[in-house]
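File shown: query_22.cif (mmCIF, C-alpha atoms).
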data_data
#
loop_
_atom_site.label_atom_id
_atom_site.label_comp_id
_atom_site.auth_asym_id
_atom_site.auth_seq_id
_atom_site.Cartn_x
_atom_site.Cartn_y
_atom_site.Cartn_z
CA MET D 1 0.00 0.00 0.00
CA LYS D 2 2.81 2.32 0.99
CA ALA D 3 4.73 1.43 -2.18
CA ASN D 4 1.72 2.38 -4.35
CA GLU D 5 1.37 5.69 -2.52
CA ASN D 6 5.06 6.48 -3.04
CA LYS D 7 4.68 5.57 -6.70
CA LYS D 8 1.75 8.01 -7.08
CA ASN D 9 3.68 10.77 -5.30
CA PHE D 10 6.69 10.16 -7.55
CA LYS D 11 4.49 10.39 -10.66
CA LYS D 12 2.96 13.61 -9.35
CA LEU D 13 6.40 15.11 -8.67
CA SER D 14 7.61 14.00 -12.09
CA LYS D 15 4.63 15.64 -13.75
CA ASN D 16 5.17 18.90 -11.86
CA PHE D 17 8.88 18.82 -12.68
CA LYS D 18 8.11 18.31 -16.39
CA ILE D 19 5.68 21.25 -16.33
CA LEU D 20 8.34 23.42 -14.66
CA ILE D 21 10.99 22.40 -17.18
CA ALA D 22 8.57 22.96 -20.08
CA GLY D 23 7.82 26.45 -18.77
CA LEU D 24 11.50 27.29 -18.42
CA VAL D 25 12.24 25.97 -21.90
CA LEU D 26 9.39 28.03 -23.37
CA LEU D 27 10.64 31.17 -21.61
CA PHE D 28 14.17 30.43 -22.81
CA ILE D 29 12.98 29.99 -26.42
CA VAL D 30 11.01 33.25 -26.33
CA LEU D 31 14.03 35.06 -24.92
CA LEU D 32 16.26 33.68 -27.66
CA LEU D 33 13.78 34.68 -30.34
CA VAL D 34 13.65 38.21 -28.96
CA LEU D 35 17.43 38.46 -28.74
CA GLY D 36 17.86 36.88 -32.16
CA THR D 37 15.45 39.27 -33.88
CA ARG D 38 16.27 42.43 -31.95
CA GLN D 39 16.91 45.59 -33.95
CA LYS D 40 20.47 46.54 -33.08
CA GLN D 41 20.92 50.25 -32.61
CA VAL D 42 22.98 52.14 -35.14
CA SER D 43 26.06 53.73 -33.58
CA LYS D 44 26.29 57.44 -34.23
CA LYS D 45 29.48 58.36 -36.04
CA GLY D 46 32.00 60.20 -33.94
CA LEU D 47 30.38 59.54 -30.57
CA TYR D 48 32.28 57.83 -27.76
CA THR D 49 35.51 57.60 -29.77
CA PHE D 50 38.78 56.70 -28.06
CA ASP D 51 41.50 58.68 -29.83
CA ASN D 52 44.91 57.58 -28.53
CA ASN D 53 46.70 60.39 -30.37
CA LYS D 54 44.49 63.23 -29.21
CA LEU D 55 46.29 66.06 -27.42
CA ILE D 56 46.07 66.17 -23.64
CA THR D 57 44.74 69.33 -22.03
CA ILE D 58 46.75 70.87 -19.18
CA ASN D 59 45.73 73.72 -16.89
CA GLU D 60 48.11 76.11 -15.15
CA ASN D 61 46.98 79.21 -13.28
CA GLY D 62 43.57 79.06 -14.97
CA LEU D 63 45.01 78.93 -18.49
CA TYR D 64 44.93 75.96 -20.85
CA GLY D 65 47.51 74.37 -23.11
CA PHE D 66 48.31 70.95 -24.60
CA ILE D 67 50.84 68.16 -24.30
CA ASN D 68 51.20 64.95 -26.30
CA GLN D 69 51.43 61.33 -25.11
CA LYS D 70 55.15 61.78 -24.41
CA GLY D 71 54.55 64.83 -22.23
CA LYS D 72 55.99 67.31 -24.71
CA VAL D 73 54.35 70.73 -24.46
CA VAL D 74 52.72 71.32 -27.84
CA THR D 75 50.98 74.54 -26.85
CA LYS D 76 51.91 76.37 -23.66
CA PRO D 77 49.06 77.30 -21.30
CA GLU D 78 47.79 80.59 -22.73
CA TYR D 79 44.13 80.02 -23.60
CA ASN D 80 41.10 81.01 -21.53
CA TYR D 81 38.84 78.30 -22.92
CA VAL D 82 39.31 74.90 -24.54
CA VAL D 83 37.16 72.11 -25.99
CA ASP D 84 39.46 69.09 -26.32
CA THR D 85 36.91 66.69 -27.84
CA SER D 86 36.89 68.26 -31.28
CA GLY D 87 38.02 65.60 -33.75
CA LYS D 88 41.39 66.32 -35.34
CA TYR D 89 41.49 69.80 -33.83
CA ALA D 90 41.07 71.52 -30.49
CA VAL D 91 38.86 74.57 -30.11
CA VAL D 92 40.43 77.27 -27.95
CA GLU D 93 39.82 80.94 -27.13
CA LYS D 94 42.08 83.85 -26.27
CA GLY D 95 41.35 87.56 -26.32
CA ASN D 96 37.79 87.00 -27.62
CA THR D 97 39.19 85.19 -30.67
CA TYR D 98 38.58 81.48 -31.26
CA TYR D 99 41.09 79.13 -32.87
CA LEU D 100 41.28 75.61 -34.28
CA ILE D 101 44.59 73.99 -33.34
CA ASP D 102 45.96 70.79 -34.88
CA GLN D 103 47.91 67.93 -33.25
CA ASN D 104 51.16 69.88 -33.62
CA GLY D 105 49.80 72.98 -31.88
CA LYS D 106 49.57 74.90 -35.14
CA VAL D 107 46.66 77.31 -35.58
CA LYS D 108 44.63 76.16 -38.59
CA GLN D 109 41.85 78.71 -38.41
CA GLU D 110 40.64 81.64 -36.32
CA SER D 111 37.22 83.19 -35.85
CA LYS D 112 35.74 86.18 -34.07
CA THR D 113 32.65 84.11 -33.28
CA VAL D 114 32.45 80.84 -31.29
CA ILE D 115 33.65 77.79 -33.23
CA SER D 116 31.29 74.86 -32.73
CA TYR D 117 32.01 71.20 -33.39
CA ASP D 118 29.48 68.58 -34.55
CA GLN D 119 31.01 65.44 -33.04
CA GLU D 120 28.48 63.09 -34.63
CA ASN D 121 29.35 64.20 -38.18
CA ASP D 122 32.89 65.51 -37.56
CA LEU D 123 32.06 69.00 -38.86
CA TYR D 124 32.90 72.52 -37.74
CA VAL D 125 31.10 75.85 -37.92
CA SER D 126 33.64 78.67 -37.99
CA ASN D 127 33.21 82.23 -39.25
CA ALA D 128 29.55 81.33 -39.96
CA THR D 129 30.67 78.68 -42.50
CA LEU D 130 30.30 74.89 -42.36
CA TYR D 131 33.57 72.96 -42.76
CA ASN D 132 34.35 69.24 -43.05
CA SER D 133 37.12 67.47 -41.11
CA ASN D 134 39.72 68.69 -43.63
CA LEU D 135 38.52 72.26 -43.11
CA ASN D 136 37.10 72.54 -46.61
CA ALA D 137 34.00 74.77 -46.74
CA ILE D 138 30.90 72.75 -47.67
CA SER D 139 28.09 75.26 -47.08
CA PRO D 140 26.96 77.48 -49.99
CA ASN D 141 28.70 80.83 -50.38
CA LYS D 142 27.13 83.99 -48.92
CA LEU D 143 25.15 82.04 -46.30
CA LYS D 144 25.71 82.61 -42.58
CA VAL D 145 25.52 79.23 -40.82
CA VAL D 146 24.81 78.37 -37.17
CA ASN D 147 25.04 74.87 -35.65
CA ASN D 148 21.51 73.78 -34.78
CA GLY D 149 22.51 70.37 -33.36
CA HIS D 150 21.61 66.83 -34.42
CA GLY D 151 23.38 67.23 -37.77
CA PHE D 152 21.43 70.25 -39.01
CA TYR D 153 22.42 73.90 -39.42
CA LYS D 154 20.40 77.08 -39.59
CA PHE D 155 21.35 79.65 -42.22
CA THR D 156 20.62 83.25 -43.09
CA SER D 157 21.29 84.79 -46.50
CA GLU D 158 23.73 87.67 -46.92
CA LYS D 159 20.85 90.16 -47.21
CA GLY D 160 19.04 88.57 -44.26
CA ASN D 161 15.74 88.06 -46.08
CA THR D 162 16.08 84.30 -46.67
CA VAL D 163 16.50 81.70 -43.93
CA GLY D 164 16.47 77.92 -43.77
CA ILE D 165 18.22 74.66 -42.89
CA ILE D 166 21.35 72.95 -44.21
CA ASN D 167 22.09 69.26 -43.62
CA SER D 168 25.43 67.65 -42.71
CA LYS D 169 26.32 67.36 -46.41
CA GLY D 170 26.13 71.13 -46.80
CA ARG D 171 22.94 70.94 -48.87
CA VAL D 172 20.02 73.35 -48.36
CA VAL D 173 16.99 71.22 -47.44
CA TYR D 174 14.57 74.01 -46.51
CA LYS D 175 14.34 77.77 -47.09
CA GLN D 176 11.80 80.57 -46.74
CA GLU D 177 11.54 84.32 -46.93
CA ILE D 178 11.36 86.20 -43.64
CA GLU D 179 10.23 89.71 -42.75
CA ASP D 180 12.77 92.33 -41.78
CA GLY D 181 13.39 92.23 -38.00
CA HIS D 182 12.01 88.71 -37.58
CA ALA D 183 14.10 85.75 -36.38
CA PHE D 184 14.02 82.16 -37.60
CA TYR D 185 14.23 79.32 -35.09
CA ASN D 186 14.56 75.56 -35.47
CA TYR D 187 13.95 73.11 -32.60
CA ILE D 188 15.06 69.48 -32.88
CA GLY D 189 14.84 66.61 -30.40
CA ASP D 190 17.02 63.51 -30.17
CA THR D 191 15.95 60.96 -32.78
CA ASP D 192 16.48 57.21 -32.60
CA PRO D 193 18.38 55.99 -35.72
CA LEU D 194 15.68 53.33 -36.26
CA LEU D 195 13.27 56.11 -37.20
CA LYS D 196 15.58 57.05 -40.10
CA GLU D 197 14.01 60.49 -40.56
CA THR D 198 14.18 63.54 -38.32
CA TYR D 199 11.26 65.93 -38.02
CA CYS D 200 11.70 69.34 -36.45
CA VAL D 201 9.89 72.48 -35.43
CA ILE D 202 10.52 75.74 -37.28
CA SER D 203 9.32 79.08 -36.01
CA ASP D 204 8.96 82.59 -37.38
CA ASN D 205 9.82 84.97 -34.54
CA ASN D 206 8.43 82.45 -32.01
CA MET D 207 4.96 83.63 -33.05
CA TYR D 208 4.15 81.11 -35.76
CA PHE D 209 5.15 77.45 -35.76
CA ALA D 210 5.38 74.73 -38.39
CA LEU D 211 6.58 71.13 -38.55
CA ILE D 212 8.86 69.86 -41.29
CA ASN D 213 10.92 66.86 -42.32
CA CYS D 214 14.46 68.09 -41.57
CA ASN D 215 15.94 65.60 -44.05
CA THR D 216 13.90 66.73 -47.04
CA GLY D 217 12.24 70.02 -46.08
CA LYS D 218 8.75 68.61 -46.66
CA VAL D 219 6.14 70.52 -44.63
CA ILE D 220 4.08 68.29 -42.33
CA LYS D 221 2.16 71.06 -40.53
CA LYS D 222 1.93 74.55 -42.05
CA TYR D 223 2.62 77.71 -40.09
CA SER D 224 -0.03 78.54 -37.50
CA GLU D 225 -0.28 80.19 -34.09
CA ALA D 226 -0.41 76.78 -32.36
CA THR D 227 2.82 76.34 -30.38
CA ILE D 228 4.78 73.20 -31.25
CA SER D 229 7.61 71.81 -29.12
CA ALA D 230 9.87 68.80 -29.71
CA ALA D 231 9.81 65.98 -27.16
CA GLY D 232 12.29 63.74 -29.02
CA ASN D 233 11.97 60.66 -31.26
CA ASN D 234 9.57 62.52 -33.58
CA ILE D 235 7.05 63.10 -30.80
CA PHE D 236 5.77 66.68 -30.49
CA TYR D 237 3.46 68.66 -28.22
CA VAL D 238 0.98 70.98 -29.91
CA GLU D 239 -0.68 73.71 -27.81
CA THR D 240 -3.57 75.69 -29.34
CA SER D 241 -4.71 79.17 -28.36
CA ASP D 242 -7.28 77.73 -25.94
CA LYS D 243 -4.40 75.94 -24.09
CA THR D 244 -5.43 72.50 -25.35
CA ILE D 245 -2.33 70.30 -25.57
CA SER D 246 -2.08 67.21 -27.73
CA SER D 247 0.80 64.82 -28.42
CA ILE D 248 1.59 63.68 -31.94
CA PHE D 249 3.99 61.13 -33.44
CA VAL D 250 5.18 61.83 -36.98
CA HIS D 251 6.16 58.94 -39.22
CA ASN D 252 6.47 58.57 -43.00
CA ASN D 253 5.76 62.29 -43.51
CA LYS D 254 2.43 62.33 -41.73
CA VAL D 255 0.95 62.43 -38.26
CA ALA D 256 0.71 58.70 -37.52
CA LEU D 257 -0.60 59.04 -33.95
CA GLU D 258 -2.32 61.79 -31.98
CA SER D 259 -3.34 61.81 -28.35
CA LYS D 260 -5.81 64.41 -27.13
CA GLU D 261 -6.59 62.72 -23.85
CA GLY D 262 -3.71 64.22 -21.91
CA LYS D 263 -1.84 60.93 -22.21
CA GLU D 264 1.74 61.15 -23.39
CA LEU D 265 3.07 59.08 -26.27
CA ILE D 266 5.99 56.85 -25.29
CA TYR D 267 8.63 55.75 -27.80
CA TYR D 268 10.52 52.46 -27.33
CA SER D 269 13.84 51.94 -29.11
CA SER D 270 12.68 48.45 -30.12
CA GLY D 271 10.48 50.24 -32.67
CA TYR D 272 7.11 50.85 -30.97
CA VAL D 273 5.12 53.85 -29.78
CA GLN D 274 2.77 53.42 -26.84
CA TYR D 275 -0.46 55.44 -26.91
CA GLN D 276 -3.99 55.50 -25.51
CA LYS D 277 -7.15 54.79 -27.48
CA ASP D 278 -10.61 54.61 -25.90
CA GLY D 279 -8.99 54.25 -22.50
CA LYS D 280 -6.86 51.30 -23.61
CA THR D 281 -3.10 51.09 -24.05
CA MET D 282 -2.02 50.38 -27.63
CA TYR D 283 1.34 49.81 -29.32
CA TYR D 284 2.14 51.14 -32.78
CA ASN D 285 4.79 49.23 -34.76
CA ILE D 286 6.87 51.67 -36.82
CA LYS D 287 7.91 48.90 -39.21
CA THR D 288 4.50 47.41 -40.04
CA LYS D 289 2.54 50.64 -39.32
CA LYS D 290 0.03 48.56 -37.39
CA SER D 291 -1.12 48.66 -33.79
CA GLN D 292 -1.73 45.94 -31.23
CA LYS D 293 -3.24 45.73 -27.74
CA GLU D 294 -0.75 43.35 -26.15
CA MET D 295 2.66 44.62 -25.06
CA PRO D 296 5.17 43.34 -27.68
CA MET D 297 7.57 40.78 -26.26
CA ASP D 298 10.65 42.75 -27.29
CA ILE D 299 9.41 45.76 -25.28
CA PHE D 300 8.85 43.46 -22.30
CA PHE D 301 12.37 42.04 -22.50
CA GLN D 302 13.95 45.37 -23.42
CA GLU D 303 12.68 46.73 -20.11
CA LYS D 304 14.03 43.69 -18.29
CA ILE D 305 17.52 43.62 -19.76
CA SER D 306 20.42 46.04 -19.80
CA GLU D 307 21.64 48.17 -22.69
CA TRP D 308 24.63 45.83 -22.98
CA GLU D 309 22.33 42.80 -23.36
CA TYR D 310 20.01 44.56 -25.77
CA GLU D 311 22.81 45.85 -27.98
CA THR D 312 25.02 42.75 -28.00
CA GLY D 313 22.39 39.99 -28.10
CA TYR D 314 23.99 38.27 -25.10
CA LYS D 315 22.01 37.49 -21.96
CA LYS D 316 23.33 37.23 -18.43
CA ILE D 317 21.68 34.27 -16.67
CA SER D 318 21.67 32.90 -13.12
CA CYS D 319 21.85 29.25 -12.16
CA THR D 320 21.05 28.90 -8.45
CA LYS D 321 23.79 31.12 -6.96
CA ASN D 322 26.08 31.35 -9.98
CA TYR D 323 26.05 33.36 -13.20
CA GLY D 324 26.85 32.86 -16.87
CA ILE D 325 26.20 34.34 -20.33
CA ILE D 326 24.33 32.91 -23.32
CA ASP D 327 23.40 34.03 -26.82
CA GLU D 328 20.59 32.78 -29.05
CA LYS D 329 22.39 29.50 -29.76
CA ASN D 330 25.21 28.82 -27.32
CA VAL D 331 26.53 29.10 -23.80
CA ILE D 332 29.16 31.84 -24.02
CA VAL D 333 30.28 31.92 -20.39
CA PRO D 334 29.50 28.85 -18.23
CA CYS D 335 27.33 29.40 -15.19
CA ILE D 336 30.12 29.08 -12.61
CA TYR D 337 30.85 32.63 -11.45
CA ASP D 338 29.74 34.17 -8.16
CA LYS D 339 29.14 37.47 -9.95
CA LEU D 340 29.32 38.82 -13.52
CA VAL D 341 29.41 42.54 -14.28
CA THR D 342 29.19 43.74 -17.87
CA LEU D 343 31.21 46.73 -19.04
CA PRO D 344 29.46 49.98 -20.00
CA TYR D 345 28.30 49.30 -23.54
CA ARG D 346 30.33 52.04 -25.25
CA LEU D 347 33.57 50.78 -23.68
CA TYR D 348 32.62 47.19 -24.55
CA ASP D 349 31.87 48.23 -28.14
CA TYR D 350 35.27 49.95 -28.43
CA LEU D 351 37.05 46.81 -27.22
CA GLU D 352 34.91 44.46 -29.31
CA ASN D 353 35.99 46.32 -32.46
CA GLN D 354 39.50 45.11 -31.57
CA GLY D 355 38.34 41.53 -31.11
CA LYS D 356 38.14 41.77 -27.30
CA LYS D 357 34.91 40.64 -25.63
CA TYR D 358 35.43 41.35 -21.94
CA VAL D 359 33.29 41.14 -18.81
CA ILE D 360 34.16 41.45 -15.12
CA ALA D 361 33.86 38.16 -13.22
CA VAL D 362 34.08 37.31 -9.50
CA GLU D 363 34.92 33.78 -8.33
CA ASN D 364 36.14 32.62 -4.91
CA GLU D 365 36.73 36.17 -3.69
CA LYS D 366 38.84 36.98 -6.77
CA THR D 367 37.95 39.58 -9.40
CA TYR D 368 38.93 39.04 -13.04
CA ILE D 369 38.73 40.65 -16.44
CA LEU D 370 37.31 37.66 -18.33
CA ASP D 371 37.78 37.08 -22.07
CA MET D 372 34.44 35.73 -23.34
CA ASN D 373 36.07 34.42 -26.51
CA LYS D 374 38.33 32.03 -24.60
CA ASN D 375 36.55 31.83 -21.23
CA LYS D 376 39.85 32.71 -19.60
CA PRO D 377 40.92 35.58 -17.36
CA VAL D 378 43.14 38.17 -19.04
CA HIS D 379 43.80 39.94 -15.74
CA GLU D 380 43.37 39.05 -12.08
CA PHE D 381 43.07 41.73 -9.42
CA ASP D 382 44.69 41.20 -6.03
CA THR D 383 41.49 40.90 -4.05
CA LYS D 384 37.74 41.12 -4.44
CA VAL D 385 37.48 44.83 -5.23
CA THR D 386 34.97 47.41 -6.38
CA LEU D 387 36.05 48.69 -9.78
CA SER D 388 35.35 52.18 -11.11
CA VAL D 389 34.62 51.86 -14.84
CA GLN D 390 33.73 54.71 -17.22
CA GLN D 391 31.91 54.72 -20.57
CA THR D 392 34.67 56.43 -22.53
CA SER D 393 37.90 55.60 -20.77
CA PRO D 394 40.07 52.46 -20.95
CA PHE D 395 41.31 53.15 -17.41
CA ILE D 396 39.70 51.15 -14.59
CA ASN D 397 40.62 52.19 -11.06
CA TYR D 398 40.05 50.88 -7.54
CA THR D 399 41.39 51.23 -4.00
CA ASP D 400 43.43 48.29 -2.71
CA GLU D 401 43.68 46.98 0.86
CA LYS D 402 46.54 49.38 1.64
CA GLY D 403 44.54 52.41 0.53
CA LYS D 404 46.50 52.86 -2.68
CA THR D 405 44.76 53.91 -5.90
CA VAL D 406 45.32 51.25 -8.54
CA VAL D 407 44.88 52.06 -12.25
CA TYR D 408 44.44 49.34 -14.86
CA ASN D 409 44.38 49.94 -18.63
CA ILE D 410 41.94 47.35 -19.96
CA ASN D 411 43.24 47.83 -23.49
CA THR D 412 46.91 47.14 -22.72
CA ASN D 413 46.47 44.91 -19.63
CA LYS D 414 48.89 47.10 -17.63
CA GLU D 415 48.38 48.03 -13.97
CA LYS D 416 50.06 50.42 -11.55
CA SER D 417 49.37 51.72 -8.03
CA PHE D 418 49.56 55.33 -6.85
CA ASP D 419 49.46 57.32 -3.64
CA ALA D 420 46.56 59.64 -4.50
CA ASP D 421 43.93 61.88 -2.96
CA SER D 422 41.75 61.52 -6.07
CA ILE D 423 41.90 60.54 -9.73
CA ASP D 424 40.38 61.76 -13.04
CA THR D 425 40.25 59.37 -16.00
CA PHE D 426 39.86 60.35 -19.67
CA GLY D 427 39.99 58.67 -23.07
CA ASN D 428 43.78 58.69 -23.45
CA TYR D 429 45.20 59.90 -20.12
CA PHE D 430 44.49 60.20 -16.41
CA ARG D 431 45.40 62.64 -13.66
CA ILE D 432 46.47 61.89 -10.09
CA HIS D 433 45.75 64.54 -7.45
CA LYS D 434 48.04 64.46 -4.41
CA ASP D 435 48.55 67.29 -1.93
CA ASN D 436 49.02 70.40 -4.12
CA LYS D 437 50.14 68.64 -7.28
CA ILE D 438 48.39 67.22 -10.35
CA THR D 439 50.35 64.56 -12.22
CA TYR D 440 49.44 63.42 -15.74
CA TYR D 441 49.91 59.84 -16.97
CA ASN D 442 49.62 58.43 -20.48
CA LEU D 443 48.18 55.20 -21.88
CA LYS D 444 51.35 53.35 -20.86
CA LEU D 445 50.79 54.53 -17.25
CA GLU D 446 53.94 56.65 -17.57
CA LYS D 447 54.28 59.99 -15.78
CA ILE D 448 54.40 62.69 -18.47
CA TYR D 449 53.63 66.03 -16.79
CA GLU D 450 53.22 67.65 -13.37
CA THR D 451 51.76 70.96 -12.30
CA GLU D 452 50.69 72.79 -9.17
CA LYS D 453 46.98 72.97 -8.38
#
Could I get this structure in the form of structure tokens?
Amino acid sequence: MKANENKKNFKKLSKNFKILIAGLVLLFIVLLLVLGTRQKQVSKKGLYTFDNNKLITINENGLYGFINQKGKVVTKPEYNYVVDTSGKYAVVEKGNTYYLIDQNGKVKQESKTVISYDQENDLYVSNATLYNSNLNAISPNKLKVVNNGHGFYKFTSEKGNTVGIINSKGRVVYKQEIEDGHAFYNYIGDTDPLLKETYCVISDNNMYFALINCNTGKVIKKYSEATISAAGNNIFYVETSDKTISSIFVHNNKVALESKEGKELIYYSSGYVQYQKDGKTMYYNIKTKKSQKEMPMDIFFQEKISEWEYETGYKKISCTKNYGIIDEKNVIVPCIYDKLVTLPYRLYDYLENQGKKYVIAVENEKTYILDMNKNKPVHEFDTKVTLSVQQTSPFINYTDEKGKTVVYNINTNKEKSFDADSIDTFGNYFRIHKDNKITYYNLKLEKIYETEK
């Protein structure tokens, strides 16, 4: 009797176990499908670049200059203002004059107005003219150009009666006549690359507003007194004279969605816009141009996973108390580590372009830089430590058991400790602050310059 009862209990447990396994398998399959079909984001050109040869900014007595990776002074500290993230050149200012300086410290151009740099497209606006990275003028003659951001530029004709927009190729995409004394404005929000087209607000003297396709100049909404503001990702707020505010989403040169219920439209980078219709939440698919009631699975998982997972297609998993990494087909990192920490995506992307797929792993109180390609540590830290990792710097730093600041270059696998009060890390150098001195170090962790605070 007891044997039969045990047999029944075993069958019941087996059935429940099979149901559990089936559920886990189904979840796993759905996850893999989502990761396998995800729409990888398009990296914006020029952003988050690691330029090993870029000049290093120094500051002495409130004035700025430059040194190179060997510590040689290229430009002595004499400038009041500097922007050192400007492609091949640095933007500096002295005596109300702005200059572009090359890697040898030579002045390539000067301007009485502020020189702006479009990092995404590697373009400059100097002396009201648009220049490419070789400093060749690409905007039409006799047009005064101002950087409007997001790869677009506002222009005014020599006589001041014609205004409009120029794209990053230097081509006029929109123009109009304007009354004497009036000003032309253009407002643009951040736009996800998946949307492919950028729509923006134009305004005549901030009295009349219109909506256009910034890529082509096509008018979506004609000038009217209704105020239009950009919320980003081609979502706009429209406020009429009676203070009624509606949200609109523009897609394929038309208003694809409009919400007048006071409910905001929400854009997801997986390619959906969430909106309200008859009190119900709906999801508009920008690819199929159709809507659905159920939350799309890729939105669900996008909210559950990190940027690193979404962008790379890898998924960090837990197995009881340990962790590993999978992709849509294989186990990439076995589930044996006490802890796995992914790098900030932009740093990971920089390293991956060199064939290095790194994560931070903790096992048996030891912290490693783990090579996912070989499942082997490329560097072991002395103890279980808390690492400070930045998006756009190859330098990782931590404090060891003796209170020393340790700096590790993840790109060269070199490490060195310092007696420091604080540290600043950058794309191709770092600074150690100690007492009243600031010491500069290069990518090789070599001391190259020292100055008083």
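Restricting the calculation to all atoms listed in the file, the smallest distance between Val91 (chain D) and any of D:Met297, D:Pro77, D:Asp278, D:Tyr124 is found for D:Tyr124.
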Work out how far apart CA of Asp102 (chain D) and CA of Pro394 (chain D) are and give it in Å to one decimal. 23.8 Å
List, as an MDAnalysis selection string, every residue that the PyMOL selection byres ((chain D and resi 396-406) around 9) selects in the file provided. chainID D and resid 382:383 385:390 393:395 407:410 415:423 425
The distance between CA of Leu351 (chain D) and CA of Pro377 (chain D) is 15.4 Å
I need the residue set behind the PyMOL selection byres ((chain D and resi 128) around 12) for this file; please write it as a PyMOL selection string. chain D and resi 110-116+124-127+129-131+137-147+153-158
Tell me which protein, DNA and RNA residues are within 8 Å of Asn428 (chain D), counting all atoms listed in the file, leaving out same-chain ones fewer than 3 positions away, and put them as JSON, numbers by chain. {"D": [50, 51, 52, 53, 54, 56, 393, 394, 442, 443]}
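Here CA of Tyr449 (chain D) and CA of Gly71 (chain D) stand 5.6 Å from one another.
When only C-alpha atoms are used to measure the gap to Leu343 (chain D), the shortest distance among D:Glu363, D:Glu307, D:Glu120, D:Glu78 belongs to D:Glu307.
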Neighbourhood query: residues within 6 Å of (16.7, 79.5, -43.7), file coordinates, counting all atoms listed in the file; return as a PyMOL selection string. chain D and resi 155-156+162-165+175-176
Generate a file of the selected residues that holds C-alpha atoms, formatted as a compact mmCIF listing (two decimals), keeping the file's coordinate frame.
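Listed below is the output, out.txt:
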# COMPACT_ATOMS: atom_id res chain seq x y z
CA PHE D 155 21.35 79.65 -42.22
CA THR D 156 20.62 83.25 -43.09
CA THR D 162 16.08 84.30 -46.67
CA VAL D 163 16.50 81.70 -43.93
CA GLY D 164 16.47 77.92 -43.77
CA ILE D 165 18.22 74.66 -42.89
CA LYS D 175 14.34 77.77 -47.09
CA GLN D 176 11.80 80.57 -46.74
With a distance cut-off of 7 Å and only C-alpha atoms, select the neighbouring residues of region 221-227 of chain D, excluding the residue or stretch itself and same-chain residues fewer than 4 positions from it, and output the selection as a PyMOL selection string. chain D and resi 207-212+238-241
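Residues captured in this structure file are Tyr187, Ile188, Tyr199, Val201, Leu211, Ile212 and Cys214 of chain D, according to the PyMOL selection byres ((chain D and resi 200) around 6).
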For Val273 (chain D), list every protein, DNA or RNA residue within 8 Å, evaluated using all atoms listed in the file, and leave out those in the same chain fewer than 4 positions away; present the list as a compact mmCIF listing (two decimals) with C-alpha atoms, keeping the file's coordinate frame.
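What ended up in around37.txt:
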# COMPACT_ATOMS: atom_id res chain seq x y z
CA LEU D 265 3.07 59.08 -26.27
CA ILE D 266 5.99 56.85 -25.29
CA TYR D 267 8.63 55.75 -27.80
CA TYR D 268 10.52 52.46 -27.33
CA TYR D 283 1.34 49.81 -29.32
CA TYR D 284 2.14 51.14 -32.78
CA ASN D 285 4.79 49.23 -34.76
CA ILE D 286 6.87 51.67 -36.82
Within 9 Å of (-0.2, 43.9, -26.1), in the coordinates the file gives, what residues turn up when you count all atoms listed in the file, written out as a compact mmCIF listing (two decimals) with C-alpha atoms, in the coordinates of the input?
# COMPACT_ATOMS: atom_id res chain seq x y z
CA THR D 281 -3.10 51.09 -24.05
CA MET D 282 -2.02 50.38 -27.63
CA TYR D 283 1.34 49.81 -29.32
CA GLN D 292 -1.73 45.94 -31.23
CA LYS D 293 -3.24 45.73 -27.74
CA GLU D 294 -0.75 43.35 -26.15
CA MET D 295 2.66 44.62 -25.06
CA PRO D 296 5.17 43.34 -27.68
CA MET D 297 7.57 40.78 -26.26
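Across D:Lys159, D:Lys88, D:Lys444, D:Lys289, the tightest approach to Asn411 (chain D) is made by D:Lys444 when counting all atoms listed in the file.
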Contacts of Thr75 (chain D) at 9 Å (only C-alpha atoms; same-chain gap of 5+ positions) as JSON, numbers by chain: {"D": [64, 65, 66, 67, 104, 105, 106]}
